[in-house]
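Have a look at the structure below before the remarks.
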Amino acid sequence: DIPAQIISMLNLLLILPVLALRIRPNSAYILSLKYAAVGHRSSRLRHRREIAAFDPEDFPPTFPYVDRDFVRLDSSDDSRFYAEPRMVQHVDDRAVQSLVEYYREELQEAAAAKGGGAVDLLDVCASWTSHLPRPNVGEASDKDGIVEIPELGRVAGIGMNAEELQSNDALTEFAVLNLNLEGNRISDAYEKCSFDVVTLSLSVDYLTNPLEVFIDIYSVLRPGGRCCVTFSDRCFPTKAVSLWLDADDIDRLTTVANYMHAGGQWTEIVAWDAKLPPLDPPKRPGMKEMIATPSLGLAWATANAAAAKTRGGDPLYSVRGLKGDA
């Protein structure tokens, strides 16, 4: 007889593709197959791992979502929800570190793509921090131990709370704009081809007019520019759209890719796992060492606890689109 465990595993393998097809866009199923084929290929830089590169034929011919997909538990005016500043991180420390390192990689590539010079950036749905890399902050380093920080020029932010935006010392300018309010457009605040990079961090799940937002993102990007959309598995559930709440991580990657594809003629759309790998646990000092120097035991326990926190925790995903040079 075939063992019950093997039968259960075979049943699971048979049902997984069916589960993937429960989301309307066919690309959810395609992405699940691509994820298995890619096997987490690393980027040419440091730590991000490719989940899938989308092809144009992976997407439906028209925008695949309807109004009911953007219904929320709390449909009241967002300006009231965001009236009070929230000076907190919305993901754990390791995910924040991962976001900083991911942006470092993308900014390095953006600087190289434009042939040097300062990189101009727009942070959409900005808050009190934009998670941009700073000198001596983060983990990235080259073989000589020198961290390369791309030069930033204009750093603009669009957000909901003026106090939060004023506290964001990465910004050179900001605009308070509710993108969920009909008629409020990024293209009204910024001219075409104004930025090399557009970031949208941990907020795509709240957009009720994503098609307009991504059309405008494409418009304000310069030729050769890039849009980086990052998200985790945390959110304010009363403000997230129903489409997002009903989805798993693969579906959400597909959703963001569909938003992006419908918004412009991107030359490349790629999904990444941007979470930093866990830290190695420190070597435990010997008993004689700890007896001779008791502080070694406490130092080891503290470092070991910090390393343990990097195992698991909040995920971090990115969907990145590249705009053509023409």
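Each chain of the structure tokens is named A, B, ... in the order shown, its residues numbered from 1; ligands are numbered from 1 in display order.
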
| message | Can you tell me which residues surround A:Ala271 at a distance of at most 7 Å, considering only C-alpha atoms, apart from same-chain residues fewer than 5 positions away, and format the answer as a PyMOL selection string? | response | chain A and resi 50-53+253+318-320

| field | All alpha helix (DSSP H) positions in stretch 146-304 of chain A, as a count of residues only | value | 56

| Close residues, stretch 99-105 of chain A itself excluded, 6 Å, only C-alpha atoms, min 3 positions apart in chain, as a list in words | Val96, Gln108, His131, Leu132 and Pro133 of chain A

| Residues near A:Val88, cut-off 9 Å, only C-alpha atoms, skip fewer than 2 positions along chain, as a PyMOL selection string | chain A and resi 86+90+128

Deliver the residues from the most recent selection as a file, using all heavy atoms, as a PDB file, in the first residue's frame.
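Written out: out-v4.pdb:
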```pdb
ATOM      1  N   ARG A  86       1.656  59.206  12.580  1.00  0.00           N
ATOM      2  CA  ARG A  86       2.088  57.912  13.129  1.00  0.00           C
ATOM      3  C   ARG A  86       3.590  57.776  12.870  1.00  0.00           C
ATOM      4  O   ARG A  86       4.003  57.337  11.805  1.00  0.00           O
ATOM      5  CB  ARG A  86       1.334  56.758  12.472  1.00  0.00           C
ATOM      6  CG  ARG A  86      -0.157  56.713  12.775  1.00  0.00           C
ATOM      7  CD  ARG A  86      -0.796  55.536  12.030  1.00  0.00           C
ATOM      8  NE  ARG A  86      -2.202  55.350  12.372  1.00  0.00           N
ATOM      9  CZ  ARG A  86      -3.213  55.945  11.776  1.00  0.00           C
ATOM     10  NH1 ARG A  86      -2.976  56.782  10.771  1.00  0.00           N
ATOM     11  NH2 ARG A  86      -4.464  55.718  12.142  1.00  0.00           N
ATOM     12  N   HIS A  90       6.113  50.259  10.211  1.00  0.00           N
ATOM     13  CA  HIS A  90       4.975  49.389   9.966  1.00  0.00           C
ATOM     14  C   HIS A  90       5.379  47.949   9.650  1.00  0.00           C
ATOM     15  O   HIS A  90       4.512  47.108   9.375  1.00  0.00           O
ATOM     16  CB  HIS A  90       4.118  49.968   8.840  1.00  0.00           C
ATOM     17  CG  HIS A  90       3.534  51.297   9.184  1.00  0.00           C
ATOM     18  ND1 HIS A  90       2.498  51.447  10.078  1.00  0.00           N
ATOM     19  CD2 HIS A  90       3.857  52.557   8.783  1.00  0.00           C
ATOM     20  CE1 HIS A  90       2.192  52.726  10.210  1.00  0.00           C
ATOM     21  NE2 HIS A  90       3.005  53.424   9.433  1.00  0.00           N
ATOM     22  N   TRP A 128       6.952  59.658   7.409  1.00  0.00           N
ATOM     23  CA  TRP A 128       8.030  60.319   8.151  1.00  0.00           C
ATOM     24  C   TRP A 128       9.406  59.771   7.799  1.00  0.00           C
ATOM     25  O   TRP A 128      10.426  60.362   8.124  1.00  0.00           O
ATOM     26  CB  TRP A 128       7.793  60.197   9.656  1.00  0.00           C
ATOM     27  CG  TRP A 128       7.900  58.774  10.168  1.00  0.00           C
ATOM     28  CD1 TRP A 128       6.926  57.828  10.137  1.00  0.00           C
ATOM     29  CD2 TRP A 128       9.032  58.164  10.772  1.00  0.00           C
ATOM     30  NE1 TRP A 128       7.388  56.653  10.667  1.00  0.00           N
ATOM     31  CE2 TRP A 128       8.677  56.833  11.079  1.00  0.00           C
ATOM     32  CE3 TRP A 128      10.317  58.603  11.090  1.00  0.00           C
ATOM     33  CZ2 TRP A 128       9.565  55.937  11.690  1.00  0.00           C
ATOM     34  CZ3 TRP A 128      11.191  57.708  11.686  1.00  0.00           C
ATOM     35  CH2 TRP A 128      10.815  56.402  11.982  1.00  0.00           C
TER      36      TRP A 128
END
```

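Distance annotation: of A:Phe70, A:Phe59, A:Phe195, A:Phe54, the residue with the minimal separation from A:Asn180 is A:Phe70; atom set is only C-alpha atoms.
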
| said: Using DSSP secondary structure from the backbone, list all strand (DSSP E or B) positions within stretch 80-245 of chain A, as a ChimeraX atom specification. | reply: /A:119-126,152-159,173-176,195-201,221-231
